[in-house]
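Okay, so here's the structure we're looking at.
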Amino acid sequence: MLELRNVSKSFGQKQVLQEISLHVANGEFVSLIGPSGSGKSTLFSLIGGLLAPDAGDIYLNGEEITNKRGFISYMPQQASLFPWRTVIKNVLLGQELQGKKDHKRAEAMLERAGLGDVIHAYPHELSGGMKQRVAFIRALLSPQSLMLLDEPFSALDEFTRTDMQKWLLSIWEDYEQSILFITHSIDEALFLSDKIIILSVNPAGIKEVIKVPFNRPRDGDLLLSEEFLQWKKKIIDVIQV
Amino acid sequence: MLELRNVSKSFGQKQVLQEISLHVANGEFVSLIGPSGSGKSTLFSLIGGLLAPDAGDIYLNGEEITNKRGFISYMPQQASLFPWRTVIKNVLLGQELQGKKDHKRAEAMLERAGLGDVIHAYPHELSGGMKQRVAFIRALLSPQSLMLLDEPFSALDEFTRTDMQKWLLSIWEDYEQSILFITHSIDEALFLSDKIIILSVNPAGIKEVIKVPFNRPRDGDLLLSEEFLQWKKKIIDVIQV
Amino acid sequence: MKTSLVKKTWRPFLAIMLFIGLWEVATRLFSIEEWLLPAPSDIVMEAKNVIPTFLPHLGSTVKLSVSGFLIGTTVGLGVATILHLMPKVRETFFPFIIISQNMPIIVLAPLLVIWFGFNALPKLIIITLACFFPIAVSALGGFTQTNRELVHYMKMMGASKAQLFWKLELPHAVPSIFSGLKIAGTYSVMAAVVSEWLGAQKGIGVFMTLAASSYRTSRVFVAIIVAMVISLAFYGLILLLERFFIRWQQKGEKT
Amino acid sequence: MKTSLVKKTWRPFLAIMLFIGLWEVATRLFSIEEWLLPAPSDIVMEAKNVIPTFLPHLGSTVKLSVSGFLIGTTVGLGVATILHLMPKVRETFFPFIIISQNMPIIVLAPLLVIWFGFNALPKLIIITLACFFPIAVSALGGFTQTNRELVHYMKMMGASKAQLFWKLELPHAVPSIFSGLKIAGTYSVMAAVVSEWLGAQKGIGVFMTLAASSYRTSRVFVAIIVAMVISLAFYGLILLLERFFIRWQQKGEKT
Amino acid sequence: GQSNENKGNNEDNNADLTPVTFALDWTPNTNHTGIYVAKEKGYFEEQGLDVEILLPGEVGVNQLLAAERADFGISYQEGLTQARSEGLPLVSIAAVLQHNTAGYASPVEKGITSPKDFEGKKFGAYGSDLEKAMMKTLMENDNADVEEVDYITTGDSDFFVAVERDVDFSLVFYGWTGIEAELRGVDLNMVYLADFSDELDYYTPIIATSEEMISTDPELVKAFTHAAVKGYEFAVEHPEDAAQILIDHVPDLDPDLVKRSQDWISPRYQDDADQFGTQEQERWQKFADFLLEYEIIDEPVDIEQAFTNEFLPKK
Ligand SMILES: Nc1ncnc2c1ncn2[C@@H]1O[C@H](COP(=O)(O)OP(=O)(O)OP(=O)(O)O)[C@@H](O)[C@H]1O
Ligand SMILES: Nc1ncnc2c1ncn2[C@@H]1O[C@H](COP(=O)(O)OP(=O)(O)OP(=O)(O)O)[C@@H](O)[C@H]1O
Ligand SMILES: [Mg+2]
Ligand SMILES: [Mg+2]
């Protein structure tokens with residue numbers, strides 16, 4: 001569904017991305033892993049059409065979308081909630097942009113994410129993790145079929161995090177969306193994805209693409225299995241090269 | 001050095017903290033663990049004197065500092081960099097407030113955190129993790145003897161993170177500051193602290209205080225040791241009760 | 001509500017009372033002539049006599065300044081929006097907007113009168129000219145200083161220019177726009193008074209010039225004080241509206 | 001640099017040229033009398049004749065408006081700072097500030113002249129009154145809308161009120177302040193011209209009334225156009241300063 | 001008036017001159033010629049005076065005089081009478097024009113030649129009660145009904161603009177606006193106030209000063225008046241030279257307008273009086289009574305104190 005062909009990007013003198021080519025199939029869950037400052041968020045901006053690549057093209061469902069907007073749903077790294085909107089109104093924003101609001105579903109999702117109490121609160125009344133969950137739900141509610149999630153769970157404690165991961169998986173399995181997912185946690189990437197893309201740095205290129213072999217649906221036990229640990233070691237090795 | 005006695009705090013109807021008492025000794029490294037939205041950041045605001053507790057008192061070195069400001073160094077959960085200041089000027093801000101600037105040391109620290117290239121960049125030119133590192137260094141450079149760090153490494157990939165952890169330990173061992181540290185990672189808490197405080201939720205109280213028995217200096221191998229895993233399991237058990 | 005109103009207003013009220021007291025004492029102490037600077041008591045006496053004849057003047061000016069202010073606000077916001085959404089139009093026409101603020105009334109007046117006659121229109125044009133500019137400048141300022149992270153999010157989500165404007169830039173500019181409204185609201189009364197010098201049957205401006213030309217200074221002051229009170233009332237109203245519109249900023253902000 | 005200046009200015013330049021062209025054609029087409037609305041060509045002719053006598057007037061007004069603007073800016077920023085840092089003072093004295101914007105010149109003029117005589121002071125007071133208000137309101141708006149996360153950080157770090165102000169609130173308000181400066185700068189020239197009607201020996205305002213009273217409309221227009229040009233120049237200067245002061249906003253913003 | 005005090009003059013040649021300020025009522029025009037002549041020809045200097053001419057703009061000249069911010073100035077009887085009734089201590093010391101040159105002007109094609117013709121026409125008004133009272137008197141004297149006149153308040157708009165739009169006639173001073181009309185080739189009908197009513201033949205403009213001035217330094221007042229009168233007398237005899245002096249002093253005025261206006265006005269300074277500047281008590285009284293009758297002033301004015309011929313040169 002999504003395809004990047006030899007995409008490069010520099011800021012001024014500094015080259016950030018070099019000849020990145022990658023592919024996300026229909027309904028595929030792909031994770032991006034790479035050091036801080038390597039260019040992951042920049043890659044998202046390119047796919048979202050906010051930045052123009054210096055070279056290379058981007059295709060969605062066979063159509064070129066280089067520097068075109070409006071094809072993806074997005075959760076930014078900084079929560080970016082609108083301070084003058086309540087939680088529920090913030091969450092509905094993604095849908096508003098596409099025209100159809102689903103108030104019921106939004107409320108249910110907020111409830112599910114443990115935000116039932118703060119539906120009518122303003123962002124500045126939320127904790128860091130709560131803001132992130134709101135931004136996450138906002139992305140989930142947007143109707144586009146490709147979702148770009150930039151470290152959605154980084155501000156969450158381990159239990160809330162696992163909980164949200166499982167929930168994300170269940171939603172994703174129901175709705176057949178494609179997901180491109182930035183994370184710093186190898187566990188998270190392994191647990192969630194079909195494919196993990198590991199970026200090198202300065203400038204970022206693709207170091208390795210790892211197919212994750214675990215069956216779906218996956219549950220919490222997987223995290224403790226020997227096979228899982230093996231794969232984790234393998235990935236650590238790749239990164240440390 | 002720092003002591004909280006029966007501190008409680010509500011926002012409107014909602015009680016967030018209930019009768020929190022805790023103690024941080026001179027030169028001690030204490031971690032706070034608790035679910036998202038439990039009240040960790042709020043606790044920091046109370047210690048910093050920004051909020052007044054509804055009940056209870058806060059002491060620093062025997063002096064009451066309830067609702068008084070200026071005794072701590074602080075790294076907020078959101079990087080909170082000043083958009084009109086370059087990285088180096090942002091980093092010096094904490095010192096500026098106390099009157100003495102140490103340009104050399106600031107540069108050296110930025111270099112050490114992998115930010116040597118962006119010393120004169122503006123915050124909007126940084127990646128999420130880079131911003132967090134800048135905020136971290138800003139806190140390190142402030143001269144106060146108690147440091148409050150609110151999830152300093154959440155936006156970092158695992159390698160940068162371990163690197164920064166080790167660096168933090170080395171600095172802390174040199175300077176004998178006391179540190180109160182919020183984290184979501186049990187590994188991180190175990191690796192860094194002398195003591196881990198686990199918060200319950202709704203309202204937050206102290207569930208358990210765990211003394212960490214590992215000797216110092218600690219190194220990376222500790223993370224893989226059997227003892228470490230035992231302690232980790234123990235903490236997970238406490239949290240899940 | 002009631003007590004909070006008293007709480008909010010006793011200070012300025014006291015200050016004004018004090019000021020009036022001082023003024024009264026000063027005029028008596030230095031025996032300043034009434035034709036130069038009448039004492040507050042003189043003004044009150046004069047006001048009592050003059051109120052019945054004054055009321056229609058008052059009504060006319062209030063109507064004029066309110067309509068002018070509303071038109072000015074609409075024009076100001078419209079202009080700011082157009083200039084913001086069309087950078088080329090902005091580049092091209094901005095000088096004209098500045099020029100519009102430098103047309104002295106003595107030049108404008110004859111032209112306006114010739115084109116539109118001696119009726120309300122030229123007056124409204126003058127008030128509009130005075131009001132729209134601060135609003136346009138403040139709104140433009142607000143539009144361009146929108147938080148870049150939020151803009152980033154909106155663009156990534158494929159928001160159209162219109163959506164970006166309505167959902168982000170406009171609400172974000174609301175506090176700035178209120179700065180502009182406050183400035184414009186304050187000017188609108190004075191602009192109405194001045195515009196009445198273009199020939200009006202009624203109005204505070206007419207009343208004031210007639211009083212001034214017959215050296216009835218107390219009467220001139222009655223007119224001025226009324227104009228000030230209207231202006232303060234306007235300002236208060238805008239302040240209330242502002243409270244209402246950006247109440248999210250106040251909420252939970254009682255640290 | 002040079003080419004970019006040309007690139008930035010050709011549009012408004014063209015628009016102004018077009019406007020002047022239209023004006024010329026219109027006055028000829030409808031044979032509008034020169035005493036009502038002179039054609040641009042008449043104005044240029046008149047300007048040529050009049051320049052030598054006009055220059056001292058020009059200099060005097062420019063000096064007056066620049067000093068008035070500078071004083072107004074200082075007062076405006078000072079007032080905003082005081083009112084911001086002392087909420088009680090704000091509550092108490094804000095009404096007076098609004099009142100200050102509603103003093104009509106016909107009342108103020110005799111008082112000012114009688115108190116201060118026929119010199120620059122009353123004129124400066126009038127320009128200051130006109131300039132300080134937009135600056136004060138915009139600056140106050142900017143101060144209060146400071147990003148709350150940054151305030152949180154500063155307060156946690158124990159920043160004093162002064163540090164909070166100098167290091168955070170003031171720099172944060174810079175864009176708002178520039179909105180105010182633009183409004184005030186635009187007004188300053190007109191305010192100077194008006195203030196000269198308070199009795200002056202020289203100045204565009206004097207020149208303008210003399211020309212108007214002897215029904216020399218072309219001359220009046222020469223004066224107006226000069227006032228406009230000065231005003232535009234002011235505005236341009238403030239724009240340049242703004243670019244310089246908030247260049248961090250532009251940098252790397254070329255998406 | 002040879003007061004010897006030095007008030008810090010920086011020009012060396014007039015070190016012993018007494019500085020005096022003189023405020024005009026409006027922008028300089030031919031009503032003021034005598035003052036400029038006296039200054040230019042050194043008449044003031046002969047009297048030991050150094051006169052500075054002020055353009056007070058929006059600041060009313062009567063207030064300036066009363067507050068002693070100016071020593072002398074150009075005023076007008078209707079203003080001075082009203083000002084006195086409000087307590088401003090002013091005194092008229094000379095009439096610049098013997099008869100009132102104000103009148104209702106209208107383009108000839110409107111056919112307004114007498115107050116009777118005002119009926120059904122549109123009057124471009126300033127809006128004051130005095131104006132209404134004057135029109136009423138005039139029309140009653142001509143057996144016309146003032147209620148038939150349509151008032152249109154024109155504010156600051158000038159005569160030419162007003163008649164271009166909506167307005168049929170308006171009150172002007174012929175010596176300036178009327179002359180400008182001549183220059184423009186606009187033919188006007190004039191209905192002079194003075195022609196239709198004795199009581200409206202008030203003095204306008206006049207030279208005025210404050211009571212304070214007269215009581216503290218009558219010599220200075222006398223010196224000033226003598227020089228000013230000499231200036232006007234020169235203007236009576238040499239209209240062209242006088243006009244040139246005004247033009248030289250105020251180059252921003254239209255020279256054609258000044259010259260023609262001066263031609264028209266020079267014979268009217270003194271007119272039928274035996275000397276320039278004389279004022280008759282009867283005319284002051286009549287006009288004051290008129291103002292009181294129409295309630296334009298609330299308090300009667302003591303005419304004895306409002307004007308004096310005392311300072312005029314004795315012939
Ligand atoms: N607007 C910009 N101008 C200049 N340089 C920029 C800009 N945006 C990003 N960069 C640079 O591009 C590089 C990649 O940034 P990016 O935000 O994509 O990193 P990232 O992989 O998302 O890192 P993190 O995990 O820390 O969020 C960084 O070195 C950053 O300094
Ligand atoms: N200004 C406020 N007004 C009202 N409620 C608030 C305010 N600030 C925080 N809260 C509430 O207090 C609770 C604790 O918030 P806090 O930010 O301390 O959580 P936290 O433990 O830091 O969470 P996280 O790990 O997600 O950052 C939350 O439920 C939040 O909604
Ligand atoms: Mg990133
Ligand atoms: Mg928190």
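Ligands are numbered from 1 in the order shown, chains are lettered A, B, ... in the order of the structure tokens, and residues start at 1 in each chain.
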
Dump as a tab-separated table the rows for residues of chain A within 12 Å of ligand 2: closest atom pair and distance in Å with one decimal, only C-alpha atoms and all ligand atoms counted, ordered by chain and rising residue number.
```
residue	atom	partner	partner_atom_place_in_ligand_line	distance
A:Val87	CA	ligand 2	31 (O)	11.1
A:Gly114	CA	ligand 2	29 (O)	10.1
A:Leu115	CA	ligand 2	29 (O)	8.9
A:Gly116	CA	ligand 2	29 (O)	10.8
A:Asp117	CA	ligand 2	29 (O)	8.5
A:Val118	CA	ligand 2	31 (O)	6.9
A:Ile119	CA	ligand 2	31 (O)	10.4
A:His120	CA	ligand 2	31 (O)	11.0
A:Ala121	CA	ligand 2	4 (C)	7.8
A:Tyr122	CA	ligand 2	3 (N)	8.4
A:Pro123	CA	ligand 2	31 (O)	8.8
A:His124	CA	ligand 2	1 (N)	6.0
A:Glu125	CA	ligand 2	2 (C)	3.8
A:Leu126	CA	ligand 2	31 (O)	4.0
A:Ser127	CA	ligand 2	17 (O)	3.3
A:Gly128	CA	ligand 2	27 (O)	3.8
A:Gly129	CA	ligand 2	26 (O)	3.1
A:Met130	CA	ligand 2	26 (O)	5.2
A:Lys131	CA	ligand 2	26 (O)	7.6
A:Gln132	CA	ligand 2	26 (O)	8.1
A:Arg133	CA	ligand 2	26 (O)	9.0
A:Val134	CA	ligand 2	26 (O)	11.2
A:Phe153	CA	ligand 2	26 (O)	10.4
A:Ser154	CA	ligand 2	25 (O)	10.0
A:Ala155	CA	ligand 2	26 (O)	6.4
A:Leu156	CA	ligand 2	25 (O)	6.1
A:Asp157	CA	ligand 2	25 (O)	6.7
A:Glu158	CA	ligand 2	25 (O)	10.5
A:Phe159	CA	ligand 2	25 (O)	11.5
A:Thr160	CA	ligand 2	26 (O)	9.7
A:Arg161	CA	ligand 2	26 (O)	10.9
```

For chain A against ligand 1, with a cut-off of 6 Å and counting only C-alpha atoms and all ligand atoms, what is the closest atom pair and its distance in Å to one decimal for every residue that makes the cut, ordered by chain and number, as JSON lines?
```
{"residue": "A:Phe11", "atom": "CA", "partner": "ligand 1", "partner_atom_place_in_ligand_line": "4 (C)", "distance": 4.9}
{"residue": "A:Val16", "atom": "CA", "partner": "ligand 1", "partner_atom_place_in_ligand_line": "12 (O)", "distance": 5.6}
{"residue": "A:Ser36", "atom": "CA", "partner": "ligand 1", "partner_atom_place_in_ligand_line": "26 (O)", "distance": 3.5}
{"residue": "A:Gly37", "atom": "CA", "partner": "ligand 1", "partner_atom_place_in_ligand_line": "23 (O)", "distance": 3.4}
{"residue": "A:Ser38", "atom": "CA", "partner": "ligand 1", "partner_atom_place_in_ligand_line": "21 (O)", "distance": 4.0}
{"residue": "A:Gly39", "atom": "CA", "partner": "ligand 1", "partner_atom_place_in_ligand_line": "18 (O)", "distance": 3.1}
{"residue": "A:Lys40", "atom": "CA", "partner": "ligand 1", "partner_atom_place_in_ligand_line": "21 (O)", "distance": 3.6}
{"residue": "A:Ser41", "atom": "CA", "partner": "ligand 1", "partner_atom_place_in_ligand_line": "22 (O)", "distance": 3.6}
{"residue": "A:Thr42", "atom": "CA", "partner": "ligand 1", "partner_atom_place_in_ligand_line": "18 (O)", "distance": 3.6}
```

If you keep all heavy atoms, can you produce a file of those selected residues as a PDB file, in the first residue's frame?
```pdb
ATOM      1  N   PHE A  11      18.454  18.916   5.630  1.00  0.00           N
ATOM      2  CA  PHE A  11      18.125  20.239   6.164  1.00  0.00           C
ATOM      3  C   PHE A  11      19.369  21.091   6.014  1.00  0.00           C
ATOM      4  O   PHE A  11      20.362  20.845   6.705  1.00  0.00           O
ATOM      5  CB  PHE A  11      17.724  20.166   7.632  1.00  0.00           C
ATOM      6  CG  PHE A  11      16.379  19.551   7.861  1.00  0.00           C
ATOM      7  CD1 PHE A  11      16.246  18.328   8.495  1.00  0.00           C
ATOM      8  CD2 PHE A  11      15.230  20.205   7.434  1.00  0.00           C
ATOM      9  CE1 PHE A  11      14.995  17.773   8.717  1.00  0.00           C
ATOM     10  CE2 PHE A  11      13.982  19.655   7.652  1.00  0.00           C
ATOM     11  CZ  PHE A  11      13.867  18.426   8.288  1.00  0.00           C
ATOM     12  N   VAL A  16      19.854  14.204   6.244  1.00  0.00           N
ATOM     13  CA  VAL A  16      19.212  13.444   7.315  1.00  0.00           C
ATOM     14  C   VAL A  16      18.828  12.052   6.823  1.00  0.00           C
ATOM     15  O   VAL A  16      19.108  11.052   7.469  1.00  0.00           O
ATOM     16  CB  VAL A  16      17.983  14.200   7.855  1.00  0.00           C
ATOM     17  CG1 VAL A  16      17.258  13.365   8.887  1.00  0.00           C
ATOM     18  CG2 VAL A  16      18.433  15.521   8.462  1.00  0.00           C
ATOM     19  N   SER A  36      17.906   8.229  18.524  1.00  0.00           N
ATOM     20  CA  SER A  36      17.329   9.564  18.641  1.00  0.00           C
ATOM     21  C   SER A  36      18.025  10.511  17.669  1.00  0.00           C
ATOM     22  O   SER A  36      19.249  10.549  17.583  1.00  0.00           O
ATOM     23  CB  SER A  36      17.516  10.056  20.074  1.00  0.00           C
ATOM     24  OG  SER A  36      17.240  11.421  20.158  1.00  0.00           O
ATOM     25  N   GLY A  37      17.243  11.254  16.922  1.00  0.00           N
ATOM     26  CA  GLY A  37      17.794  12.206  15.971  1.00  0.00           C
ATOM     27  C   GLY A  37      18.188  11.599  14.648  1.00  0.00           C
ATOM     28  O   GLY A  37      18.810  12.256  13.816  1.00  0.00           O
ATOM     29  N   SER A  38      17.810  10.323  14.399  1.00  0.00           N
ATOM     30  CA  SER A  38      18.239   9.715  13.149  1.00  0.00           C
ATOM     31  C   SER A  38      17.393  10.175  11.971  1.00  0.00           C
ATOM     32  O   SER A  38      17.872  10.191  10.836  1.00  0.00           O
ATOM     33  CB  SER A  38      18.188   8.191  13.275  1.00  0.00           C
ATOM     34  OG  SER A  38      16.898   7.772  13.634  1.00  0.00           O
ATOM     35  N   GLY A  39      16.142  10.535  12.194  1.00  0.00           N
ATOM     36  CA  GLY A  39      15.336  11.016  11.080  1.00  0.00           C
ATOM     37  C   GLY A  39      13.996  10.322  10.946  1.00  0.00           C
ATOM     38  O   GLY A  39      13.344  10.400   9.902  1.00  0.00           O
ATOM     39  N   LYS A  40      13.544   9.682  11.996  1.00  0.00           N
ATOM     40  CA  LYS A  40      12.271   8.952  11.927  1.00  0.00           C
ATOM     41  C   LYS A  40      11.092   9.903  11.774  1.00  0.00           C
ATOM     42  O   LYS A  40      10.248   9.710  10.889  1.00  0.00           O
ATOM     43  CB  LYS A  40      12.099   8.108  13.210  1.00  0.00           C
ATOM     44  CG  LYS A  40      13.268   7.153  13.478  1.00  0.00           C
ATOM     45  CD  LYS A  40      13.067   6.344  14.727  1.00  0.00           C
ATOM     46  CE  LYS A  40      13.095   7.149  16.019  1.00  0.00           C
ATOM     47  NZ  LYS A  40      14.379   7.842  16.283  1.00  0.00           N
ATOM     48  N   SER A  41      11.073  10.930  12.626  1.00  0.00           N
ATOM     49  CA  SER A  41       9.959  11.884  12.525  1.00  0.00           C
ATOM     50  C   SER A  41       9.998  12.597  11.181  1.00  0.00           C
ATOM     51  O   SER A  41       8.964  12.897  10.583  1.00  0.00           O
ATOM     52  CB  SER A  41      10.026  12.897  13.665  1.00  0.00           C
ATOM     53  OG  SER A  41       9.958  12.247  14.906  1.00  0.00           O
ATOM     54  N   THR A  42      11.215  12.874  10.694  1.00  0.00           N
ATOM     55  CA  THR A  42      11.351  13.509   9.391  1.00  0.00           C
ATOM     56  C   THR A  42      10.745  12.630   8.297  1.00  0.00           C
ATOM     57  O   THR A  42      10.050  13.125   7.406  1.00  0.00           O
ATOM     58  CB  THR A  42      12.838  13.772   9.101  1.00  0.00           C
ATOM     59  OG1 THR A  42      13.387  14.515  10.183  1.00  0.00           O
ATOM     60  CG2 THR A  42      13.006  14.532   7.810  1.00  0.00           C
TER      61      THR A  42
END
```

Could you list, as number ranges by chain, the residues of chain D having an atom within 8 Å of chain E when counting only C-alpha atoms? D: 36, 105-106, 109-110, 113-114, 117, 196-201, 207, 209-211, 213-216

Those same residues - N, CA and C atoms - I'd like them written as a CSV table (one decimal), in the first residue's frame.
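Below you can see out29.csv, which holds the result:
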```
chain,number,residue,atom,x,y,z
D,36,LEU,N,-11.5,70.1,-5.7
D,36,LEU,CA,-12.2,69.1,-5.0
D,36,LEU,C,-11.2,67.9,-4.9
D,105,ILE,N,-9.4,66.6,21.3
D,105,ILE,CA,-8.4,67.6,21.2
D,105,ILE,C,-8.9,69.0,21.5
D,106,ILE,N,-10.2,69.3,21.1
D,106,ILE,CA,-10.7,70.6,21.3
D,106,ILE,C,-10.7,71.0,22.8
D,109,ALA,N,-6.6,70.8,24.0
D,109,ALA,CA,-5.7,71.8,23.4
D,109,ALA,C,-5.6,73.0,24.3
D,110,PRO,N,-6.7,73.7,24.6
D,110,PRO,CA,-6.5,74.9,25.4
D,110,PRO,C,-5.8,74.6,26.7
D,113,VAL,N,-2.1,73.9,26.2
D,113,VAL,CA,-1.3,75.1,25.8
D,113,VAL,C,-1.3,76.1,27.0
D,114,ILE,N,-2.4,76.2,27.7
D,114,ILE,CA,-2.3,77.1,28.8
D,114,ILE,C,-1.4,76.6,29.9
D,117,GLY,N,2.3,76.1,27.5
D,117,GLY,CA,2.7,77.1,26.5
D,117,GLY,C,2.8,76.6,25.1
D,196,GLU,N,0.0,69.7,15.4
D,196,GLU,CA,0.4,71.0,14.9
D,196,GLU,C,-0.7,72.0,14.8
D,197,TRP,N,-1.9,71.4,14.8
D,197,TRP,CA,-3.1,72.4,14.8
D,197,TRP,C,-3.2,73.1,16.2
D,198,LEU,N,-2.5,72.6,17.1
D,198,LEU,CA,-2.4,73.3,18.4
D,198,LEU,C,-1.6,74.5,18.4
D,199,GLY,N,-1.3,74.9,17.2
D,199,GLY,CA,-0.5,76.1,17.2
D,199,GLY,C,1.0,75.8,17.0
D,200,ALA,N,1.5,75.9,15.8
D,200,ALA,CA,2.9,75.7,15.6
D,200,ALA,C,3.3,76.7,14.5
D,201,GLN,N,4.6,76.9,14.4
D,201,GLN,CA,5.1,77.8,13.4
D,201,GLN,C,5.3,77.0,12.1
D,207,PHE,N,1.3,73.7,7.3
D,207,PHE,CA,1.2,73.8,5.9
D,207,PHE,C,-0.1,73.4,5.3
D,209,THR,N,-3.1,73.3,6.9
D,209,THR,CA,-4.2,74.2,7.2
D,209,THR,C,-4.1,75.5,6.4
D,210,LEU,N,-2.9,76.0,6.2
D,210,LEU,CA,-2.7,77.2,5.4
D,210,LEU,C,-3.2,76.9,4.0
D,211,ALA,N,-2.8,75.8,3.5
D,211,ALA,CA,-3.2,75.5,2.1
D,211,ALA,C,-4.7,75.3,2.0
D,213,SER,N,-7.0,76.7,4.0
D,213,SER,CA,-7.8,77.9,4.2
D,213,SER,C,-7.7,78.8,3.0
D,214,SER,N,-6.6,78.6,2.2
D,214,SER,CA,-6.7,79.4,0.9
D,214,SER,C,-7.1,78.5,-0.2
D,215,TYR,N,-7.8,77.5,0.1
D,215,TYR,CA,-8.5,76.6,-0.9
D,215,TYR,C,-7.6,76.1,-2.0
D,216,ARG,N,-6.3,75.8,-1.5
D,216,ARG,CA,-5.4,75.2,-2.5
D,216,ARG,C,-5.3,73.7,-2.3
```

DSSP on the backbone: what in region 31-91 of chain B comes out strand (DSSP E or B), as a ChimeraX atom specification? /B:31-33,55-60,63-64,72-75

Pick out the closest residue to chain A from this set: B:Leu146, B:Ala113, B:Leu46, B:Ile197. Count only C-alpha atoms.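 Looking only at the distances to chain A, the closest residue turns out to be B:Ala113.
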